[in-house]
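Colleague: Next comes model.txt, compact mmCIF, C-alpha atoms:
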```txt
# COMPACT_ATOMS: atom_id res chain seq x y z
CA MET A 1 -34.58 -31.02 -19.85
CA LYS A 2 -37.59 -31.14 -17.50
CA ARG A 3 -37.39 -33.23 -14.32
CA ILE A 4 -40.20 -35.50 -15.54
CA SER A 5 -38.05 -36.35 -18.56
CA ILE A 6 -35.14 -37.23 -16.28
CA TYR A 7 -37.44 -39.58 -14.33
CA ARG A 8 -38.55 -41.27 -17.53
CA ALA A 9 -34.98 -41.60 -18.76
CA TYR A 10 -33.91 -43.07 -15.43
CA LEU A 11 -36.75 -45.58 -15.31
CA LYS A 12 -36.05 -46.57 -18.89
CA SER A 13 -32.36 -47.16 -18.09
CA ARG A 14 -33.32 -49.34 -15.06
CA ARG A 15 -36.28 -51.16 -16.59
CA SER A 16 -34.49 -54.51 -16.60
CA LEU A 17 -33.89 -54.30 -12.83
CA LEU A 18 -37.51 -53.25 -12.17
CA PHE A 19 -38.72 -56.10 -14.35
CA LEU A 20 -36.55 -58.53 -12.34
CA LEU A 21 -37.99 -57.12 -9.07
CA ALA A 22 -41.54 -57.68 -10.33
CA ILE A 23 -40.73 -61.27 -11.30
CA LEU A 24 -39.24 -61.97 -7.87
CA LEU A 25 -42.30 -60.57 -6.05
CA ILE A 26 -44.63 -62.58 -8.28
CA ALA A 27 -42.55 -65.68 -7.63
CA LEU A 28 -42.69 -65.02 -3.86
CA PHE A 29 -46.48 -64.76 -3.75
CA ALA A 30 -46.84 -67.67 -6.18
CA VAL A 31 -44.83 -69.96 -3.89
CA TYR A 32 -46.89 -68.92 -0.83
CA GLY A 33 -50.09 -69.43 -2.77
CA LEU A 34 -49.16 -72.87 -4.11
CA TYR A 35 -48.19 -74.19 -0.69
CA GLY A 36 -51.11 -72.54 1.10
CA LEU A 37 -48.87 -70.61 3.44
CA PRO A 38 -50.16 -67.62 5.41
CA TRP A 39 -49.82 -64.38 3.49
CA GLY A 40 -48.52 -62.30 6.41
CA PRO A 41 -44.80 -63.24 6.12
CA ALA A 42 -44.92 -62.86 2.34
CA ILE A 43 -46.34 -59.38 2.66
CA TYR A 44 -43.71 -58.43 5.25
CA VAL A 45 -40.91 -59.75 3.03
CA ALA A 46 -42.34 -57.92 0.04
CA LEU A 47 -42.57 -54.66 2.02
CA ILE A 48 -38.97 -55.03 3.23
CA ILE A 49 -37.79 -55.69 -0.31
CA LEU A 50 -39.77 -52.72 -1.65
CA ALA A 51 -38.41 -50.43 1.09
CA ALA A 52 -34.84 -51.51 0.35
CA VAL A 53 -35.41 -51.07 -3.39
CA LEU A 54 -36.98 -47.65 -2.82
CA VAL A 55 -33.93 -46.48 -0.83
CA PHE A 56 -31.66 -47.87 -3.53
CA VAL A 57 -33.70 -46.22 -6.31
CA VAL A 58 -33.67 -42.82 -4.58
CA LEU A 59 -29.90 -42.91 -4.02
CA ASP A 60 -29.28 -44.30 -7.48
CA PHE A 61 -31.52 -41.66 -9.06
CA LEU A 62 -29.69 -38.86 -7.25
CA ASN A 63 -26.40 -40.22 -8.56
CA TYR A 64 -27.92 -40.56 -12.05
CA GLN A 65 -29.22 -36.99 -11.91
CA LYS A 66 -25.84 -35.69 -10.73
CA LYS A 67 -24.09 -37.39 -13.63
CA PHE A 68 -26.68 -36.09 -16.07
CA LEU A 69 -26.18 -32.49 -14.91
CA GLN A 70 -22.39 -32.90 -15.11
CA LEU A 71 -22.66 -34.22 -18.65
CA ARG A 72 -24.97 -31.36 -19.67
CA ILE A 73 -22.37 -28.87 -18.41
CA LEU A 74 -19.64 -30.78 -20.26
CA LYS A 75 -21.76 -30.69 -23.41
CA GLN A 76 -21.87 -26.89 -23.26
CA GLN A 77 -18.07 -26.62 -22.99
CA ALA A 78 -17.21 -29.61 -25.21
CA GLY A 79 -16.45 -27.24 -28.09
CA TYR A 80 -13.43 -26.05 -26.13
CA HIS A 81 -12.46 -28.86 -23.78
CA LEU A 82 -14.05 -32.11 -22.62
CA GLY A 83 -13.31 -31.43 -18.97
CA GLU A 84 -13.59 -33.81 -16.03
CA LEU A 85 -15.99 -36.67 -16.69
CA PRO A 86 -18.15 -38.23 -13.94
CA LEU A 87 -16.62 -41.19 -12.13
CA PRO A 88 -17.46 -44.39 -14.02
CA ASN A 89 -19.70 -46.90 -12.29
CA ASP A 90 -18.30 -49.94 -14.05
CA LEU A 91 -15.73 -51.15 -16.56
CA LEU A 92 -18.02 -50.40 -19.52
CA GLU A 93 -18.36 -46.72 -18.59
CA GLN A 94 -14.62 -46.60 -18.00
CA GLU A 95 -13.98 -47.87 -21.52
CA TYR A 96 -16.46 -45.38 -23.00
CA GLN A 97 -14.65 -42.55 -21.23
CA ALA A 98 -11.30 -43.84 -22.50
CA VAL A 99 -12.67 -43.71 -26.07
CA LEU A 100 -13.87 -40.14 -25.49
CA ARG A 101 -10.42 -39.13 -24.22
CA LEU A 102 -8.76 -40.62 -27.29
CA LEU A 103 -11.18 -38.79 -29.58
CA GLU A 104 -10.58 -35.56 -27.69
CA LYS A 105 -6.81 -35.98 -28.07
CA ARG A 106 -7.22 -36.63 -31.77
CA CYS A 107 -9.33 -33.49 -32.20
CA LEU A 108 -6.86 -31.37 -30.22
CA ASP A 109 -3.94 -32.71 -32.25
CA THR A 110 -5.79 -31.99 -35.49
CA GLU A 111 -6.59 -28.45 -34.36
CA GLU A 112 -2.98 -27.84 -33.33
CA ASN A 113 -1.68 -29.14 -36.67
CA ALA A 114 -4.18 -26.92 -38.48
CA ARG A 115 -3.04 -23.89 -36.46
CA GLN A 116 0.60 -24.64 -37.21
CA SER A 117 -0.12 -25.14 -40.91
CA ALA A 118 -2.06 -21.86 -41.04
CA ALA A 119 0.73 -19.99 -39.25
CA GLU A 120 3.32 -21.54 -41.56
CA ALA A 121 1.27 -20.66 -44.64
CA THR A 122 0.83 -17.07 -43.44
CA GLN A 123 4.57 -16.75 -42.88
CA TYR A 124 5.32 -18.27 -46.27
CA TYR A 125 2.96 -16.06 -48.24
CA THR A 126 4.14 -12.97 -46.37
CA LEU A 127 7.78 -13.71 -47.22
CA TRP A 128 6.85 -14.69 -50.75
CA SER A 129 4.81 -11.54 -51.42
CA HIS A 130 7.69 -9.32 -50.29
CA GLN A 131 10.24 -11.37 -52.19
CA ILE A 132 8.45 -11.35 -55.55
CA LYS A 133 8.27 -7.56 -55.46
CA THR A 134 12.05 -7.37 -55.98
CA PRO A 135 12.24 -8.79 -59.53
CA ILE A 136 9.00 -7.03 -60.50
CA ALA A 137 10.44 -3.68 -59.38
CA ALA A 138 13.69 -4.46 -61.22
CA ILE A 139 11.77 -5.24 -64.44
CA ARG A 140 9.87 -1.98 -64.13
CA LEU A 141 13.12 -0.02 -63.78
CA LEU A 142 14.74 -1.87 -66.70
CA LEU A 143 11.78 -1.05 -68.93
CA GLN A 144 12.27 2.66 -68.17
CA GLU A 145 15.84 2.61 -69.46
CA GLU A 146 16.49 3.99 -72.94
CA THR A 147 18.57 0.97 -73.88
CA LEU A 148 16.93 -2.31 -72.98
CA ASP A 149 19.26 -4.74 -71.21
CA ARG A 150 17.73 -7.95 -72.52
CA GLY A 151 20.00 -10.28 -70.52
CA THR A 152 19.24 -8.65 -67.18
CA LEU A 153 15.55 -8.44 -68.06
CA GLU A 154 15.47 -12.17 -68.82
CA GLN A 155 17.17 -12.90 -65.52
CA GLU A 156 14.63 -10.91 -63.52
CA LEU A 157 11.78 -12.50 -65.46
CA PHE A 158 13.19 -15.92 -64.65
CA LYS A 159 13.30 -15.02 -60.95
CA THR A 160 9.65 -13.99 -61.11
CA GLU A 161 8.71 -17.24 -62.80
CA GLN A 162 10.70 -19.17 -60.23
CA TYR A 163 8.91 -17.49 -57.32
CA VAL A 164 5.56 -18.30 -58.93
CA GLU A 165 6.70 -21.91 -59.34
CA MET A 166 7.71 -22.01 -55.67
CA VAL A 167 4.27 -20.95 -54.47
CA LEU A 168 2.60 -23.49 -56.76
CA GLN A 169 4.86 -26.23 -55.43
CA TYR A 170 4.14 -25.13 -51.86
CA GLN A 171 0.42 -25.53 -52.51
CA ARG A 172 1.06 -28.88 -54.17
CA LEU A 173 3.07 -30.01 -51.15
CA GLY A 174 -0.05 -29.70 -49.01
CA MET A 175 -1.66 -32.46 -51.08
CA ASP A 176 0.97 -34.93 -49.82
CA SER A 177 1.02 -38.30 -51.53
CA HIS A 178 -2.20 -37.70 -53.49
CA ASP A 179 -0.23 -35.73 -56.07
CA LEU A 180 2.78 -38.04 -56.34
CA VAL A 181 3.59 -39.91 -59.54
CA LEU A 182 6.40 -42.30 -58.64
CA GLN A 183 8.31 -43.87 -61.50
CA GLU A 184 11.87 -44.86 -62.29
CA TYR A 185 13.86 -42.04 -63.93
CA SER A 186 17.37 -41.40 -65.15
CA VAL A 187 19.04 -39.00 -62.72
CA ASP A 188 21.14 -37.62 -65.57
CA ALA A 189 17.97 -36.66 -67.49
CA LEU A 190 16.46 -35.01 -64.41
CA VAL A 191 19.60 -32.96 -63.82
CA LYS A 192 19.72 -31.79 -67.44
CA GLN A 193 16.07 -30.70 -67.35
CA ALA A 194 16.65 -28.69 -64.18
CA LEU A 195 19.86 -27.20 -65.55
CA LYS A 196 18.09 -26.12 -68.72
CA LYS A 197 15.52 -24.20 -66.66
CA VAL A 198 18.17 -22.25 -64.70
CA SER A 199 20.64 -21.82 -67.57
CA THR A 200 19.88 -18.10 -67.85
CA LEU A 201 21.30 -17.56 -64.34
CA PHE A 202 24.55 -19.33 -65.21
CA ILE A 203 24.88 -17.36 -68.44
CA HIS A 204 24.18 -14.00 -66.80
CA LYS A 205 26.73 -14.51 -63.99
CA LYS A 206 29.17 -16.33 -66.30
CA ILE A 207 29.37 -19.31 -63.97
CA GLY A 208 30.62 -22.54 -65.50
CA VAL A 209 29.03 -25.95 -65.07
CA ASN A 210 30.90 -29.23 -64.87
CA ILE A 211 28.63 -32.29 -65.25
CA ALA A 212 30.20 -35.69 -64.78
CA PRO A 213 28.54 -38.83 -66.21
CA ILE A 214 25.62 -39.70 -63.93
CA ASN A 215 24.84 -43.36 -64.56
CA CYS A 216 22.11 -43.76 -62.00
CA ARG A 217 18.38 -44.35 -61.93
CA THR A 218 15.99 -43.69 -59.08
CA ILE A 219 12.32 -44.06 -58.21
CA THR A 220 10.95 -40.58 -57.61
CA ASP A 221 8.44 -37.97 -58.75
CA GLU A 222 9.78 -36.15 -61.83
CA LYS A 223 8.28 -32.71 -61.16
CA TRP A 224 9.25 -32.68 -57.50
CA MET A 225 12.82 -33.85 -58.11
CA ILE A 226 13.40 -31.33 -60.91
CA PHE A 227 12.05 -28.62 -58.60
CA VAL A 228 14.52 -29.63 -55.85
CA ILE A 229 17.53 -29.76 -58.19
CA GLU A 230 16.50 -26.44 -59.72
CA GLN A 231 16.36 -24.81 -56.27
CA LEU A 232 19.78 -26.18 -55.33
CA LEU A 233 21.33 -24.99 -58.60
CA THR A 234 19.77 -21.55 -58.11
CA ASN A 235 21.30 -21.33 -54.63
CA ALA A 236 24.67 -22.43 -55.98
CA VAL A 237 24.65 -19.66 -58.60
CA LYS A 238 23.28 -17.04 -56.20
CA TYR A 239 26.15 -17.40 -53.75
CA THR A 240 28.93 -17.96 -56.31
CA GLN A 241 30.61 -14.87 -57.72
CA GLU A 242 33.15 -16.69 -59.85
CA GLY A 243 34.22 -20.25 -60.50
CA LYS A 244 31.97 -23.16 -61.35
CA VAL A 245 29.26 -25.52 -60.17
CA SER A 246 30.01 -29.25 -60.35
CA ILE A 247 27.38 -31.98 -60.56
CA TYR A 248 28.41 -35.60 -60.06
CA LEU A 249 27.80 -38.83 -58.18
CA ALA A 250 29.69 -39.30 -54.93
CA ASP A 251 32.57 -41.77 -55.29
CA ASN A 252 31.83 -43.71 -52.12
CA LEU A 253 28.05 -43.33 -52.41
CA PRO A 254 27.03 -44.19 -55.99
CA GLU A 255 23.36 -43.30 -55.42
CA THR A 256 24.14 -39.88 -53.97
CA LEU A 257 23.98 -36.85 -56.26
CA VAL A 258 26.37 -34.03 -55.36
CA ILE A 259 25.97 -30.37 -56.35
CA GLU A 260 29.13 -28.50 -55.42
CA ASP A 261 29.90 -24.82 -55.90
CA THR A 262 32.90 -22.54 -55.34
CA GLY A 263 30.89 -19.81 -53.68
CA ILE A 264 31.11 -17.92 -50.40
CA GLY A 265 30.17 -20.93 -48.28
CA ILE A 266 27.96 -21.16 -45.20
CA GLN A 267 28.89 -20.05 -41.72
CA PRO A 268 29.46 -23.01 -39.33
CA GLU A 269 26.78 -21.77 -36.91
CA ASP A 270 24.22 -21.67 -39.75
CA LEU A 271 24.82 -25.18 -41.15
CA SER A 272 22.62 -26.93 -38.60
CA ARG A 273 19.73 -24.55 -39.23
CA VAL A 274 19.69 -24.10 -43.02
CA PHE A 275 16.62 -26.36 -43.35
CA GLU A 276 14.58 -24.46 -40.77
CA TRP A 277 11.53 -22.63 -42.12
CA GLY A 278 12.26 -18.93 -42.66
CA TYR A 279 15.87 -19.13 -41.44
CA THR A 280 18.16 -17.06 -43.67
CA GLY A 281 21.43 -17.10 -41.74
CA TYR A 282 24.40 -14.80 -42.22
CA ASN A 283 24.48 -15.10 -46.01
CA GLY A 284 20.77 -14.37 -46.30
CA ARG A 285 21.05 -11.24 -44.18
CA LEU A 286 24.12 -10.18 -46.17
CA ASN A 287 22.47 -10.85 -49.51
CA MET A 288 19.08 -9.39 -48.45
CA ARG A 289 17.39 -11.57 -51.08
CA SER A 290 16.96 -14.80 -49.16
CA THR A 291 13.61 -15.82 -47.70
CA GLY A 292 14.73 -18.96 -45.90
CA ILE A 293 12.07 -20.90 -47.82
CA GLY A 294 13.89 -22.75 -50.61
CA LEU A 295 15.95 -25.26 -48.61
CA SER A 296 13.16 -25.89 -46.14
CA LEU A 297 10.79 -26.65 -48.99
CA CYS A 298 13.40 -28.95 -50.57
CA LYS A 299 13.77 -30.83 -47.29
CA GLN A 300 10.01 -31.37 -47.01
CA VAL A 301 9.78 -32.55 -50.61
CA LEU A 302 12.66 -35.01 -50.26
CA THR A 303 11.19 -36.40 -47.04
CA LEU A 304 7.89 -36.90 -48.86
CA LEU A 305 9.72 -38.73 -51.66
CA GLY A 306 11.71 -40.92 -49.27
CA HIS A 307 15.05 -39.27 -50.09
CA SER A 308 17.41 -37.30 -47.85
CA ILE A 309 19.67 -34.25 -48.12
CA ALA A 310 22.86 -33.16 -46.36
CA ILE A 311 25.08 -30.08 -46.70
CA THR A 312 28.75 -29.47 -45.94
CA SER A 313 30.46 -26.13 -46.47
CA THR A 314 33.66 -24.19 -45.96
CA VAL A 315 33.47 -20.42 -45.72
CA GLY A 316 35.20 -18.81 -48.69
CA LYS A 317 35.65 -22.09 -50.56
CA GLY A 318 32.19 -23.35 -51.38
CA THR A 319 29.28 -25.61 -50.49
CA LYS A 320 28.52 -29.24 -51.23
CA VAL A 321 24.94 -30.50 -51.26
CA MET A 322 24.38 -34.28 -51.24
CA LEU A 323 21.07 -35.83 -52.31
CA SER A 324 20.68 -39.46 -51.28
CA LEU A 325 18.46 -41.05 -53.92
CA SER A 326 18.64 -44.63 -52.65
CA ARG A 327 15.47 -46.33 -51.51
CA GLU A 328 14.01 -49.83 -51.49
CA LYS A 329 12.47 -50.99 -54.74
CA PHE A 330 8.72 -51.42 -54.73
CA ASP A 331 5.97 -52.08 -57.26
CA ILE A 332 4.23 -49.04 -58.67
CA GLU A 333 0.59 -49.53 -59.47
```
Please go through the file and, once you have read it, give me the structure as structure tokens.
Modeller:
Amino acid sequence: MKRISIYRAYLKSRRSLLFLLAILLIALFAVYGLYGLPWGPAIYVALIILAAVLVFVVLDFLNYQKKFLQLRILKQQAGYHLGELPLPNDLLEQEYQAVLRLLEKRCLDTEENARQSAAEATQYYTLWSHQIKTPIAAIRLLLQEETLDRGTLEQELFKTEQYVEMVLQYQRLGMDSHDLVLQEYSVDALVKQALKKVSTLFIHKKIGVNIAPINCRTITDEKWMIFVIEQLLTNAVKYTQEGKVSIYLADNLPETLVIEDTGIGIQPEDLSRVFEWGYTGYNGRLNMRSTGIGLSLCKQVLTLLGHSIAITSTVGKGTKVMLSLSREKFDIE
């Protein structure tokens, strides 16, 4: 900006003060004129006032120009960081600067959340792309066999479908509450739908299922809850070589669904980290088929739905997963 433009901007910002000065000088000469006083003192007073105002204007303009140059520099770097703002002259400028700081913090927080989401998505899709290759490669090998093993082929196909469902649900999770359809459902019906979807895994591994009467209803999203139960049942079958999976309501917590298996269990040092994104633990490294995605995704979904999840386990005896479905009743529009 040219210096002449700075002068104009400054004069425009101080026009009320200059207008007040003009009124005072006019009033001074008007009083002297009305009373017929000699003009000499009035002129001296006016000159003193003008000299004082001139000194003030020069100093004030230099300060104004300094602030303007600082702000122009800040404008150039504002895309990265707001930087140090000029010292405020009054309470109003102080409040404006406070608003700018709040907006800057909001922008930085949004950028950081976006970076974390992008990094998380990259990690997820990397793990997912490697993981889905396993059942696809298995299907290709099975198709090359002279005798087609239909049961094994169906199992690998189910795994492929499940991985595709996981990535779709991950994308859906990013929509948050905009994609939720909250209604009251029978927990027993939700469990049976999820069990039907993973039945091929139980049949292939010859793992039994014991379902106790589940007389409970909950307000939730049907698709999300079925997805969570399906993931938990899949994990139960994956880490159970023989025995059964039991599904029932906790005796002391009637609104808590329990999925209990007789599998290999979880190491004590891994229990506190099973919900961490990408954490596979000892069993995952041993099995070489775990991505550390399923339980983390379940945790995020349940938090979104207002439910909670907890896991207890004994190595060599099995794992117990508890879904707390209780929540306050509310009207659904």
Colleague: Can you measure CA of Glu161 in chain A to CA of Lys133 in chain A for me? One decimal in Å is fine.
Modeller: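 Spanning CA of Glu161 in chain A to CA of Lys133 in chain A is a straight-line distance of 12.2 Å.
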Colleague: Using all atoms listed in the file, what does the table of range 199-239 of chain A residues within 9 Å of range 293-309 of chain A look like, with each row giving the shortest atom pair and its distance in Å to one decimal, sorted by chain and ascending number, as JSON lines?
Modeller:
```
{"residue": "A:Ile219", "atom": "CA", "partner": "A:Leu305", "partner_atom": "CA", "distance": 8.8}
{"residue": "A:Thr220", "atom": "CA", "partner": "A:Leu305", "partner_atom": "CA", "distance": 6.4}
{"residue": "A:Asp221", "atom": "CA", "partner": "A:Leu305", "partner_atom": "CA", "distance": 7.2}
{"residue": "A:Trp224", "atom": "CA", "partner": "A:Val301", "partner_atom": "CA", "distance": 6.9}
{"residue": "A:Met225", "atom": "CA", "partner": "A:Leu302", "partner_atom": "CA", "distance": 7.9}
{"residue": "A:Phe227", "atom": "CA", "partner": "A:Cys298", "partner_atom": "CA", "distance": 8.1}
{"residue": "A:Val228", "atom": "CA", "partner": "A:Cys298", "partner_atom": "CA", "distance": 5.4}
{"residue": "A:Ile229", "atom": "CA", "partner": "A:Cys298", "partner_atom": "CA", "distance": 8.7}
{"residue": "A:Gln231", "atom": "CA", "partner": "A:Gly294", "partner_atom": "CA", "distance": 6.5}
{"residue": "A:Leu232", "atom": "CA", "partner": "A:Leu295", "partner_atom": "CA", "distance": 7.8}
{"residue": "A:Asn235", "atom": "CA", "partner": "A:Gly294", "partner_atom": "CA", "distance": 8.5}
```
Colleague: Do a neighbour search on Lys192 in chain A at 12 Å with only C-alpha atoms, toss out local chain neighbours closer than 2 positions, and write the hits as a ChimeraX atom specification.
Modeller: /A:186-190,194-199,209-214,225-226,229-230,233,247
Colleague: Each residue of range 49-137 of chain A lying at most 10 Å from range 170-173 of chain A should get a row with its shortest atom-to-atom pair and the distance in Å to one decimal, counting all atoms listed in the file; could you produce that, ordered by chain and increasing number, as a tab-separated table?
Modeller:
```
residue	atom	partner	partner_atom	distance
A:Ala121	CA	A:Tyr170	CA	9.0
A:Tyr124	CA	A:Tyr170	CA	8.9
A:Tyr125	CA	A:Tyr170	CA	9.8
```
Colleague: What does the distance between CA of Leu168 in chain A and CA of Glu255 in chain A come to in Å, to one decimal place?
Modeller: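 Separation between CA of Leu168 in chain A and CA of Glu255 in chain A: 28.7 Å.
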Colleague: Measuring atom to atom with all atoms listed in the file, identify which of A:Leu54, A:Leu92, A:Ile49, A:Leu257 is nearest to Ile311 in chain A.
Modeller: A:Leu257
Colleague: What is the CA of Gly208 in chain A-CA of Ser246 in chain A distance in Å, reported with one decimal?
Modeller: 8.5 Å
Colleague: Counting all atoms listed in the file, which of A:Lys223, A:Gly263, A:Leu323, A:Phe61 gets nearest to Lys12 in chain A?
Modeller: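 That would be A:Phe61, the residue with the smallest distance to Lys12 in chain A.
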Colleague: Taking (22.8, -37.3, -54.2) as a centre in this file's frame and 6 Å as the limit, can you find every polymer residue with an atom that close, using all atoms listed in the file, and give them as a PyMOL selection string?
Modeller: chain A and resi 256-258+322-325
Colleague: Mind writing the picked residues with C-alpha atoms as an mmCIF file, in the frame of the given file?
Modeller:
```
data_model
loop_
_atom_site.group_PDB
_atom_site.id
_atom_site.type_symbol
_atom_site.label_atom_id
_atom_site.label_comp_id
_atom_site.auth_asym_id
_atom_site.auth_seq_id
_atom_site.Cartn_x
_atom_site.Cartn_y
_atom_site.Cartn_z
ATOM 1 C CA THR A 256 24.140 -39.880 -53.970
ATOM 2 C CA LEU A 257 23.980 -36.850 -56.260
ATOM 3 C CA VAL A 258 26.370 -34.030 -55.360
ATOM 4 C CA MET A 322 24.380 -34.280 -51.240
ATOM 5 C CA LEU A 323 21.070 -35.830 -52.310
ATOM 6 C CA SER A 324 20.680 -39.460 -51.280
ATOM 7 C CA LEU A 325 18.460 -41.050 -53.920
#
```
Colleague: Hey, what's within 10 Å of Lys205 in chain A if we count only C-alpha atoms and toss same-chain stuff fewer than 3 positions away? As a ChimeraX atom specification, please?
Modeller: /A:155,200-202,208,237-238,240-242
Colleague: What residues have an atom no more than 8 Å from (29.3, -24.5, -49.1) in the file's own frame, counting all atoms listed in the file, and can you write them as a PyMOL selection string?
Modeller: chain A and resi 260-266+311-315+317-321
Colleague: Which is closer to Arg101 in chain A than all the others in A:Tyr32, A:Pro135, A:Glu84, A:Ser117, using all atoms listed in the file?
Modeller: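 Looking only at the distances to Arg101 in chain A, the closest residue turns out to be A:Glu84.
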Colleague: Which one is closest to Trp277 in chain A: A:Gln162, A:Gln193, A:Gln123, A:Gln183? Count all atoms listed in the file.
Modeller: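 Result for the nearest residue to Trp277 in chain A: A:Gln123.
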